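For reference, the structure discussed in these notes is given below.
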Amino acid sequence: GEDIAAIKSAKYAVASGRNKLLQQEQEVLSSVVETYIEMLRWEENYKFSLDRERQAKQYLMGIKLRFTAGQNTKANIARSEAELATAIA
């Protein structure tokens, strides 16, 4: 009788250990997925920021060209430079 009880106890302990391991594996996997999704979100935000900066630089170049042609004011240049600074920040 004692041997059978010890074997059953050992089986329950092994099953409990497996369940704990499975739970930890699921938690780690969930954390990995959440981190990956967050990384993708940051990557998209970074790409958007780079594109916004590129567009602001192009716009500023156009403003400066029109200024040299007498079609814009220094205020337009300052406003465009501020937009670029915002895009870079």
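Simple scheme: letters A, B, ... for chains in structure tokens order, numbers from 1 for residues in each chain, numbers from 1 for ligands in the order shown.
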- [ ] Determine, counting only C-alpha atoms, which protein, DNA and RNA residues have an atom within 12 Å of an atom of stretch 37-52 of chain A; residues of the same chain fewer than 6 positions away are not included. Present the result as a PyMOL selection string.
- [x] chain A and resi 30-31+58-59+83-89
Open item on the list: Need the shell around A:Ser80: protein/DNA/RNA residues with any atom at most 8 Å away, counting only C-alpha atoms. Skip same-chain ones fewer than 5 positions apart. Format as a VMD selection string?
Closed with: chain A and resid 56 59 to 60 63
Task: Non-local contacts of A:Lys64 (10 Å; only C-alpha atoms; under 3 positions in same chain excluded) as a ChimeraX atom specification - done: /A:58-61,67-74,76-77,80
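Of note, atom CA of A:Gln55 and atom CA of A:Glu81 are spaced 11.9 Å apart.
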